[in-house]
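Q: Just dropping this structure here.
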Amino acid sequence: MIDYLWLLIAIPLLGSLTLILFGRRFGEPAAGWFASALVVIPFFFALAMALPFIGGAESETVYVFSWIPMVGANASLLWDPLSALMSLIVTGVGALIHIYSVGYMHGDERYTRFFSYMNLFIASMMTLVLADNFGLMFVGWELVGLSSYLLISFWFSKPSAAAAGKKAFVVNRIGDWGFLVALMMIFAAFGTLDFGIVFSEAHGALTVGMATAITLLLFVGAAGKSAQIPLYIWLPDAMEGPTPVSALIHAATMVTAGVYMVARAAALFEMAPVSQGVVATVGALTALLAATIAIGQRDIKRVLAYSTVSQLGYMVMAVGLTAFTAGIFHLMTHAFFKALLFLGAGSVIHAMSDEQDMWKMGGLRKIMPITFGTMAIAWLAISGVFPFAGFWSKDEILGAAFGRGGGYLVLWAIGVLTAMLTAFYMTKLIIITFFGEKRWDKGAHPHESPFTMTIPLIVLAVFSAFAGLWNTPWRLGLEHFLEPAFEGVHQAHPPEGLALWTLALISLAVVAVGMFVAYLRYGRREELPVEEGGYWNAALNAYWVDDFYGKVIVLPGKAVATWLAMFFDMKVVDGIVNGLAVVTRSFGSSMRVLQTGWVRSYGAAIVAGSLGVILWLLLQGGAF
Amino acid sequence: MELSLLIALPLLGALVVGLLPKERTELVFPVALGVSILPLGVSLWIMVNFVSGESVFQFTEDYVLSETFGIGWRLGVDGISLWMIVLTGLLMTLSIAASKSITDRTKQYMVAMLVLEAGLLGVFLSLDLLLFFAFFEIVLVPMYLLIGIWGGENRAYASIKFVLFTAFGSIFLLVGIIVLAITAGDAVGAPTSFDFRTMLSLDLSSTTQLWLFLAFGVAFAIKVPIFPFHTWLPDAHTEAPTAGSVILAGVLLKMGAYGFLRFNLTFFPGASVDLAEIIGIIGVIGIIYGAAVAIVQPDVKRLVAYSSVSHMGFVMLGIFALTSQGLSGGVFVMISHGLTTGALFLLIGMIYERRHTRLIADYGGLAKVMPLYAGVFLFMAFASVGLPGLSGFVGEFAVLLGSYLTLPVLAIIAGSGVILAAVYLLWAYERMFTGPVTNPKNEGLSDLDFREIAILVPLIVIIIGIGIYPKPILDRIEPSVEIILDRIEATTDYEAPEFGRIDEIVDPRDVVIESAGHDDDTGEHGDEEGSE
Amino acid sequence: MNNASFLAVAPETVLLLGALLVIIAGVMLERSRAEWGFIAVLSFVVAMVLSVLQWRAVDTLVEEGSDLLFFSARNVPVLRIPMVVMDHYSAFAGFVIFTVGLLGLGAVWGLVKRVKTRGVELVTLILLAFAGLHMMTMSANIIMLFLGLETASIAFYVIAGFTREREESDEAAVKYFLLGSLASAIFVYGAAMLFAATGSTSFYGAGGMKDFFASTIIGEPGVLLLGIGFVIVGLGFKVSAAPFHQWAPDVYQGAPTGAVGFMAAGVKVAGFAALGRILIGALPSQIDNWAPILAILAGISMIIGTALAAVQGDVKRILAYSGVAHAGYIMMAFLAGEAGIGAMWFYVSMYALTLVGTFAIASVVSRNTPGRSDLDGWSGLSRRSPELAWAMLILLLAMGGIPFTAGFISKLTVFTAAADAGYLWLVILALLTTVVGLYVYFRVAAKMFLGSAEEDAPSLEPSTVLRLVLAVVVVGTIVFGVNPWPLLDLVREALPL
Amino acid sequence: MTVTIGWYMILAAVLFSMGAAGVLMRRNALVMFMSVELMLNSVNLTFIAAGNELGLIEGQVAALFVMVVAAAEVTIGLAILVAVFRRRATANVDALSELKG
Amino acid sequence: MVEIVVFGVFALVALAGAVVMITAKNPVYSAMGLLSTMFAMAIFYVMLDAHFVAAIQILVYAGAVMTLFLFVIMMIGVDKQEDTAESIPFQRGITFVVALGLAVVIILAGRQAWITGSDAFGTPDMVGTIEAVADSLFGNWTIAFLSTVFLLTIAAVGTVALALFGPTAVRDIDGEEGT
């Protein structure tokens, strides 16, 4: 069975190709169901293969075919608990979102194309997850970027969508460059990119300095994909894509690839304390920064986007702390509740005829009970309310930070602060969207979404509620499950005993504070507060970071390119070339003057020439 | 005989096309297309029958033309040239198929194309320096005509610039060849010898190597083209007719890189090692510069042309990394660049036939009007950007990993080329294909027709195919590359990194055609072994 | 005198007889062109055959170890001065020259028809001129060589001014004549100096120049050097090497187009053959003296020739200036001494072919507007007459030295010879000018293929004779470009004694 | 002091140079041509003087041939000049400068 | 001594004739100058034992050639007074420098030895006799002598060809190459 592991990739890929080539014949909604089926099947397949791990089965490598053998990059797959878990998340959440999309994308003229891209994404993500070497991982890494590009700019007629897609790809490429350089270093050090060799020989083959360099560069890649400072700017723009895309790619799965990669390379990160510090710090700062921005957003999807960035910050912080299990744990829970949030938001947007401004919603609670109910669960989960999933995973991260002690205590503090902010803005979102007055535009007729959309919401809500119970301090199910993947890696853990309880209480306390403040500010009044100027303006514009990049990098870059192209290349480099031609021609023209047409001057040339010839001969021949 | 046949077929084809009756113009296109399939078939036949890992040059032919001057009809194909001829055959057929819109002097056009094909094939198959140079030069003529007669507005300037620029390089090549031939002649007691084999056995001093390397290098550098010898390229590419651009980018540029591989590295290993870093730097400048300049080009053909400069920079970097991966990767980039850039030019040609403009600004929102076209274009753009799973990635990846081993800083800088590549192609795509249809002239454009699809599908299939499973190609490239490396290691102090290299070391003298004269070098053989 | 010795002058005799027969048939018997034209053709053909026979006779003679190579040295011991030499050199030169003559006759046939009654004189002059050209190459005596030179030159002066209805033709004739006489005087002064320096006018034989230098080293080389210098100048003028080239463009432009081809080609072949005869046949020992100045003249010729050709607006002038450059390239062959003779032969014979061909085409193109040879008249030739355009293209490529034309092999062999002789700087210079030369030729090609024809330009139909000439020239250019090896091996044997 | 070969040679050299100067200075085609004849005469003098010094008859014979050539050249040359300049009613060669560049 | 005087006198005559030839404004005077130079030459030939050549010099050159020249001068009948002012830039200067340079260089080159050849095969007895010339001309030089037939034929044919082209012929040729 394990020999057919490649089917996990092949099946959705087949679906994608089929839909691209023959999509029109499928029509709507057959294409959607077909695509969904091709994700559901791998899910159950993966599930069947993952179950033995619970019984402590061995990790396995499946060689499929040789790809670029000379750099040690082959199409061979790794099936260990980590990749199994990721596979399940990807196919599981993916399947739900596919099903959701069947309804959500109803009526779109490129319906089948959407599903073919979605299937392509699943295949790419599975490649990333299942790769057993950095080369193949990079393939998946880039292909998810492609899918992301295609899906963000799915509605390409909107210039903003097209631009957002390009931006996502280009910013990701900046990260990829780091990844690529890391791969060069790994290859130079090990002569192969194979995980098995690299991780097992890392201690012998790498110095700490090299390990630090490699891991930092890997993290540059991760920062691109997982939207960390300073490369997070693409993610909010990526919301231009259809909402299921945001849910699947830009919340649940793709953006967590960076976290997964760092976790995968745990053996390397473990060797490089400096890198750990950097990663954790960047994660923490990203979490805080994104949370502060999320507070000021009015667009429901952008709130969720910044929230995603923020949550990714947690995960990155976790893996930076070497609390890899905690990172993956949060990755998993986040996949559930954030997908749920997005799908819920999608449901709302769908209902509001594509209105995304929360300020124009309100009072939807009664009209959309299922959406509201499920989203509320997600709200509690993300805020970290006991016993929802987010509580367990987030607390484990904070605990780990606290457990590392020293400078990491600052990170813990930031994490706690972020938790409070998270509770605040999520509460704000829920209140503004679902409670209070109806602030709809004319012509809006909100309604509950069809069952294809609500069923996935319900399923996700269940997971959002209970997934955290898999890895509680009493029963470290996930940690145990993942043990083979992190074999030999020393992980950071939360403190035990009283400290753990104290920390949990602190967390719960700040969450409560956050929620309460939000309630005070938004829930109690008839009129929503005016949020303009000062901080609100800055937050709404995401602190003008985009503008800053535009002015500092993009504009000068373009100016340099223009100068190179229009002046340097055309006038200098080519100018020299054309100049040579001009010189030659003008030499010819000036020589032309000598050809006077007068026979006597020709004669003079002949006689003078002979004088020259004999002079030369005599001088050279020594006759003088 | 196969190789002679391969060169002869297009020429015979040209004759057939040329002799078609004047009034039967409608026959020209189908006949030319049919004729162009033959060399493709032969090259595929050779590909299939090429035995990977056996003696390096296969299908060799060796007929002495002039005993006195040491000139021979010496042909052979190795793992590098194999792919070049297949590429040539393929792109030729496709670009002839894409030339349906040529209505002016069609016959002369097709003759020029077929002669061009013969010349290109000759370049890659020659194992005699004179023969090589002859083919190398003759290519200029049909290309000149293609650009000059059937080109765009500024064709006269572009075509003559192309000819003069490349001919300027060739003169140094000729000087180098003459000097080498005289030296080789001394070795065998004839006035000259142009035999690859004889030249290989020369023991040149390091100064001689340096000068000859430069002489050969300038010619190839211009052909590649390496910054700052690239300015002929955008002009020629832009003004050339579609097929011309395709062949120019797809095959012609490869002649330069091929020359570096086949001659510079082999004949002048010492100088190659000494100059590797400098050429690597120039290659990296080319990568970044080409990409940066491409970003702001208003003309989409110029944009792709500059992207060629960038891609060929990867090839140069890979070659002069002097590692197994770098060299193999470089060759692979050559193949892939031929396919993807060729395809991009084909695509641009298709839209040009509809709209008669190459300015990006004249388009916008095409994806709405021509979804299929847009899809293929995007596919090719990503292939060109180096998306994994497509052909472009394999080569660039190998080049980068390989060159990091010896030229780490350069490899890191070169890596940033992948960012710029994404910028220029995706931005161009964004401006041309996305957003609303702004220009009313674009509204009524028809999507790809059957012929156009038929041209593009093989390319798409191959690009995906060799991107996912490049092994058959790499397997054939690698032994040939190993020979080059082994020779460099045998004659200089340089030692290539061992990662991923083939174990069995082929005797460097097996590089040459298997024929008499083998015993002469026995003495040298001993020396080489001693130094190993 | 036995047969072999008479064979040496047989081609001249045949041509003289042919000329006289043409006059008799044409003027006295008032026969039609078809008849005396046939005689002229036959004369050239027989002369060509005789050249082949000469070659074979030399083979036999060399095998027998005979010294019967001198026409007049055998049985009369008291006569010590050989006048004529029959060797591979002269035999090959003869074949090339007579081929050029035959092709030239074909190319000029249109003109012959046009000038009506004067056609007889024209053909007679051509026959005699080519006899003179061959005399230059077979001379064993510098006075004999001078006679041949003047024979050809005087005939060409007349031919240059033959189409007198055009004022340029007048000018061409006067310029050619005045400057030609000046150069002849300089040449013969050089001959006198050589006589004074060596005590002989002959190259070979006992006491001849070669023999003299074999036994003597001249302590005071002043007069000898003067002789060498003036001889080089005189012949340099004939082959239009810079700075003695200025007549060439004006004369080429003014002279009747159809005739320029064989005039230029014939003089180049014979001029270089004569130069080789003197420098390498008679004065090989002085190579250290004459080679450097030849290299300098070669360099100047290339630079001036190409630079000026690049800025011309008239095809005939372009070809003239490119001829200057080619003279420079051919001179490079001499730098290698005897080893370069083969290269010289190959180059000069192939160049002669292309010259005849290009001017033949030019004569057709300028037909409708007499004397018109400016580039614009060539615009769009590929539409007016694709055959002519492609033929011209191939010839231009040959001149540019593009592979698979004879021109490439020519350049290659010449450059190799020069490089072998150590003149690498000259080779590089030559190659640089070759590139500019490509610009020159491609410029013409661009006019033909890229330019658009004038509205009323009629399509061109070359005559059958001309087609034949062009076919021979083009096929020759390509055949010797693709498979030059037999010829190369042959010319390596065509050495002066 | 006797008249040595050198005297003749120097005289010939001077005459040759004067002939050359004549060609370059005069614009009358006939006088130019006369100057060429002067040059040929000086060549003859050189030949004969050298032949005399060497004791060789060849010098004289060579001079004779030069004369023959000169005669033929004169015939054709004058024919050309007559033909050309009769039409123009001038013998000024400077007028013939249409072809240039 | 007599020899020197004769040489000196006729050298002066020759030079004076040459000077007159290249400076006279009237071409007739130029012809006269050349004529006197030729006469002086003949005298030198006699002094150098080349009696036959001297005779030919008088007969052919002074007699026939110069007559022809004068005839042509009369026939063209114009430019009696040539404007000797130079119209071509630098021409005078170049002429002066070049001609002077030529003379100086030639003389300098020969100052050591004008004759470096050997007369090992010479026939001194026969020098100066017409028999010797004849012997040579019809012996060794037969071929050369015969070769002059080409020159003479060309001279004849060429003159005819040029002369045949009358004013009527101007019109009948409108182009060069016909089909």
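Here's how to read the names in the structure tokens: chain A, B, ... by the order shown, residue numbers from 1 in each chain, ligand numbers from 1 in the order shown.
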Fewer than 6 positions away in the same chain doesn't count, so skip those; otherwise give me all residues within 12 Å of A:Gly609, counting only C-alpha atoms, as an NGL selection string.
A: (:A and (601-603 or 615-616)) or (:C and (183 or 186 or 229-230 or 232-234 or 236-237 or 241-246 or 293 or 296-297 or 300)) or (:E and (94 or 98-99 or 101-102))
Q: Provide as a PyMOL selection string the residues of chain D at most 6 Å from chain C, counting only C-alpha atoms.
A: chain D and resi 36+40+43+47+50+84+96+99
Q: Include N, CA, C and O atoms and write out the residues we just selected as a CSV table (one decimal), in the first residue's frame.
A:
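As a result, result.csv now contains:
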```
chain,number,residue,atom,x,y,z
D,36,VAL,N,56.0,61.2,-69.5
D,36,VAL,CA,56.2,59.8,-69.3
D,36,VAL,C,57.3,59.3,-70.3
D,36,VAL,O,58.1,58.5,-70.0
D,40,LEU,N,60.7,57.2,-69.7
D,40,LEU,CA,61.1,56.1,-70.4
D,40,LEU,C,62.5,56.3,-71.0
D,40,LEU,O,63.4,55.3,-71.0
D,43,VAL,N,65.0,55.7,-68.4
D,43,VAL,CA,65.2,54.3,-68.2
D,43,VAL,C,66.1,53.7,-69.3
D,43,VAL,O,67.0,52.9,-68.9
D,47,PHE,N,69.5,51.7,-68.7
D,47,PHE,CA,69.8,50.3,-69.3
D,47,PHE,C,71.1,50.3,-70.0
D,47,PHE,O,72.0,49.5,-69.9
D,50,ALA,N,74.2,50.9,-67.8
D,50,ALA,CA,74.5,49.7,-67.0
D,50,ALA,C,75.0,48.6,-67.9
D,50,ALA,O,76.0,47.9,-67.5
D,84,VAL,N,39.5,61.6,-77.3
D,84,VAL,CA,38.8,62.2,-76.2
D,84,VAL,C,38.8,63.7,-76.3
D,84,VAL,O,37.7,64.4,-76.1
D,96,LEU,N,38.6,66.3,-66.6
D,96,LEU,CA,38.1,65.0,-66.5
D,96,LEU,C,38.1,64.6,-65.0
D,96,LEU,O,39.0,63.9,-64.5
D,99,LEU,N,34.5,61.3,-62.3
D,99,LEU,CA,34.5,60.1,-61.5
D,99,LEU,C,35.4,60.4,-60.3
D,99,LEU,O,36.6,60.6,-60.5
```
Q: Tell me, in Å to one decimal, how far atom CA of C:Tyr347 is from atom CA of C:Ala273.
A: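 These two atoms are separated by 11.7 Å.
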Q: Only residues of chain D matter here; which ones have an atom within 9 Å of chain A, counting only C-alpha atoms? Give them as a PyMOL selection string.
A: chain D and resi 20-21+23-27+93-101
Q: Rank nothing, just name the residue among B:Leu317, B:Met47, B:Val423, B:Ile282 nearest to chain A, using only C-alpha atoms.
A: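 Closest residue, counting only C-alpha atoms: B:Val423.
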Q: Quick one: DSSP alpha helix (DSSP H) residues in stretch 53-166 of chain B, as a PyMOL selection string?
A: chain B and resi 79-97+106-125+129-138+140-150+155-166
Q: Could you give me, as a list in words, the residues within 10 Å of C:Leu105, counting only C-alpha atoms and dropping anything in the same chain fewer than 6 positions from it?
A: Gly37, Ala40, Val41, Phe44, Thr99, Leu111, Val112, Leu122, Val123, Ile126, Leu127, Gly258, Ala259, Gly261, Phe262, Val356, Val465, Leu466 and Val469 of chain C
Q: Please produce a file of the residues just selected, as a tab-separated table (two decimals), in the first residue's frame, where the atoms kept are all heavy atoms.
A:
```tsv
chain	number	residue	atom	x	y	z
C	37	GLY	N	32.94	35.08	-83.84
C	37	GLY	CA	32.81	34.85	-82.40
C	37	GLY	C	33.22	33.43	-82.05
C	37	GLY	O	33.91	33.18	-81.06
C	40	ALA	N	36.90	33.16	-81.88
C	40	ALA	CA	37.45	33.68	-80.63
C	40	ALA	C	37.28	32.66	-79.51
C	40	ALA	O	38.22	32.39	-78.74
C	40	ALA	CB	36.77	34.99	-80.27
C	41	VAL	N	36.08	32.13	-79.43
C	41	VAL	CA	35.83	31.14	-78.37
C	41	VAL	C	36.76	29.97	-78.53
C	41	VAL	O	37.38	29.50	-77.56
C	41	VAL	CB	34.35	30.69	-78.42
C	41	VAL	CG1	34.14	29.50	-77.51
C	41	VAL	CG2	33.44	31.84	-78.04
C	44	PHE	N	40.27	30.60	-77.30
C	44	PHE	CA	40.42	30.50	-75.85
C	44	PHE	C	40.38	29.04	-75.40
C	44	PHE	O	41.17	28.62	-74.55
C	44	PHE	CB	39.33	31.30	-75.15
C	44	PHE	CG	39.69	32.74	-74.96
C	44	PHE	CD1	38.85	33.75	-75.41
C	44	PHE	CD2	40.87	33.10	-74.32
C	44	PHE	CE1	39.18	35.08	-75.23
C	44	PHE	CE2	41.21	34.43	-74.14
C	44	PHE	CZ	40.36	35.43	-74.60
C	99	THR	N	40.66	30.88	-69.01
C	99	THR	CA	39.28	30.68	-68.53
C	99	THR	C	38.61	32.03	-68.30
C	99	THR	O	37.47	32.25	-68.73
C	99	THR	CB	39.29	29.89	-67.20
C	99	THR	OG1	40.11	28.76	-67.37
C	99	THR	CG2	37.90	29.50	-66.81
C	111	LEU	N	27.94	43.54	-75.12
C	111	LEU	CA	28.58	44.78	-75.58
C	111	LEU	C	29.06	44.62	-77.02
C	111	LEU	O	28.91	45.53	-77.85
C	111	LEU	CB	29.76	45.11	-74.66
C	111	LEU	CG	30.56	46.36	-75.03
C	111	LEU	CD1	29.71	47.60	-74.82
C	111	LEU	CD2	31.82	46.45	-74.21
C	112	VAL	N	29.60	43.45	-77.29
C	112	VAL	CA	30.08	43.20	-78.65
C	112	VAL	C	28.94	43.40	-79.65
C	112	VAL	O	29.10	44.01	-80.71
C	112	VAL	CB	30.66	41.78	-78.76
C	112	VAL	CG1	30.96	41.43	-80.20
C	112	VAL	CG2	31.91	41.66	-77.91
C	122	LEU	N	37.02	44.85	-80.84
C	122	LEU	CA	36.93	44.56	-79.40
C	122	LEU	C	37.41	43.15	-79.11
C	122	LEU	O	38.26	42.91	-78.24
C	122	LEU	CB	35.49	44.76	-78.93
C	122	LEU	CG	35.23	44.54	-77.44
C	122	LEU	CD1	36.15	45.40	-76.61
C	122	LEU	CD2	33.79	44.82	-77.10
C	123	VAL	N	36.89	42.20	-79.88
C	123	VAL	CA	37.24	40.81	-79.63
C	123	VAL	C	38.72	40.57	-79.92
C	123	VAL	O	39.41	39.86	-79.17
C	123	VAL	CB	36.33	39.88	-80.46
C	123	VAL	CG1	36.81	38.45	-80.38
C	123	VAL	CG2	34.91	40.00	-79.97
C	126	ILE	N	40.68	41.76	-77.11
C	126	ILE	CA	40.58	40.86	-75.94
C	126	ILE	C	41.53	39.68	-76.11
C	126	ILE	O	42.29	39.32	-75.20
C	126	ILE	CB	39.13	40.37	-75.76
C	126	ILE	CG1	38.24	41.53	-75.36
C	126	ILE	CG2	39.07	39.27	-74.71
C	126	ILE	CD1	36.77	41.19	-75.33
C	127	LEU	N	41.50	39.09	-77.32
C	127	LEU	CA	42.35	37.94	-77.55
C	127	LEU	C	43.82	38.30	-77.35
C	127	LEU	O	44.58	37.60	-76.68
C	127	LEU	CB	42.13	37.42	-78.98
C	127	LEU	CG	40.82	36.68	-79.21
C	127	LEU	CD1	40.56	36.49	-80.69
C	127	LEU	CD2	40.87	35.33	-78.52
C	258	GLY	N	30.46	45.34	-68.85
C	258	GLY	CA	30.70	43.95	-69.19
C	258	GLY	C	32.17	43.64	-69.32
C	258	GLY	O	32.60	42.50	-69.13
C	259	ALA	N	32.95	44.65	-69.67
C	259	ALA	CA	34.37	44.41	-69.91
C	259	ALA	C	35.20	44.52	-68.64
C	259	ALA	O	36.29	43.96	-68.57
C	259	ALA	CB	34.89	45.39	-70.95
C	261	GLY	N	34.91	43.26	-65.82
C	261	GLY	CA	35.13	42.00	-65.13
C	261	GLY	C	36.41	41.34	-65.58
C	261	GLY	O	37.30	41.07	-64.78
C	262	PHE	N	36.51	41.08	-66.88
C	262	PHE	CA	37.71	40.35	-67.31
C	262	PHE	C	38.95	41.22	-67.27
C	262	PHE	O	40.05	40.73	-67.06
C	262	PHE	CB	37.50	39.71	-68.68
C	262	PHE	CG	37.44	40.68	-69.84
C	262	PHE	CD1	38.57	41.25	-70.34
C	262	PHE	CD2	36.22	40.98	-70.42
C	262	PHE	CE1	38.50	42.13	-71.41
C	262	PHE	CE2	36.15	41.85	-71.49
C	262	PHE	CZ	37.30	42.44	-71.98
C	356	VAL	N	34.50	38.33	-62.61
C	356	VAL	CA	33.84	38.24	-63.92
C	356	VAL	C	32.33	38.12	-63.71
C	356	VAL	O	31.54	38.80	-64.36
C	356	VAL	CB	34.38	37.04	-64.71
C	356	VAL	CG1	33.60	36.86	-65.99
C	356	VAL	CG2	35.84	37.24	-65.01
C	465	VAL	N	23.94	33.43	-73.13
C	465	VAL	CA	25.38	33.40	-72.94
C	465	VAL	C	25.73	33.80	-71.52
C	465	VAL	O	26.53	33.16	-70.83
C	465	VAL	CB	26.06	34.37	-73.94
C	465	VAL	CG1	27.57	34.34	-73.73
C	465	VAL	CG2	25.71	34.00	-75.35
C	466	LEU	N	25.09	34.87	-71.10
C	466	LEU	CA	25.37	35.38	-69.77
C	466	LEU	C	24.97	34.38	-68.70
C	466	LEU	O	25.66	34.19	-67.69
C	466	LEU	CB	24.62	36.70	-69.57
C	466	LEU	CG	25.37	37.73	-68.75
C	466	LEU	CD1	26.71	38.03	-69.37
C	466	LEU	CD2	24.55	38.99	-68.65
C	469	VAL	N	27.64	31.88	-68.48
C	469	VAL	CA	28.80	32.41	-67.76
C	469	VAL	C	28.53	32.38	-66.26
C	469	VAL	O	29.34	31.91	-65.46
C	469	VAL	CB	29.11	33.84	-68.22
C	469	VAL	CG1	30.16	34.47	-67.31
C	469	VAL	CG2	29.59	33.83	-69.65
```
Q: Just the number, please: distance in Å from atom CA of E:Leu48 to atom CA of E:Gly117, one decimal.
A: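 It comes out at 17.9 Å.
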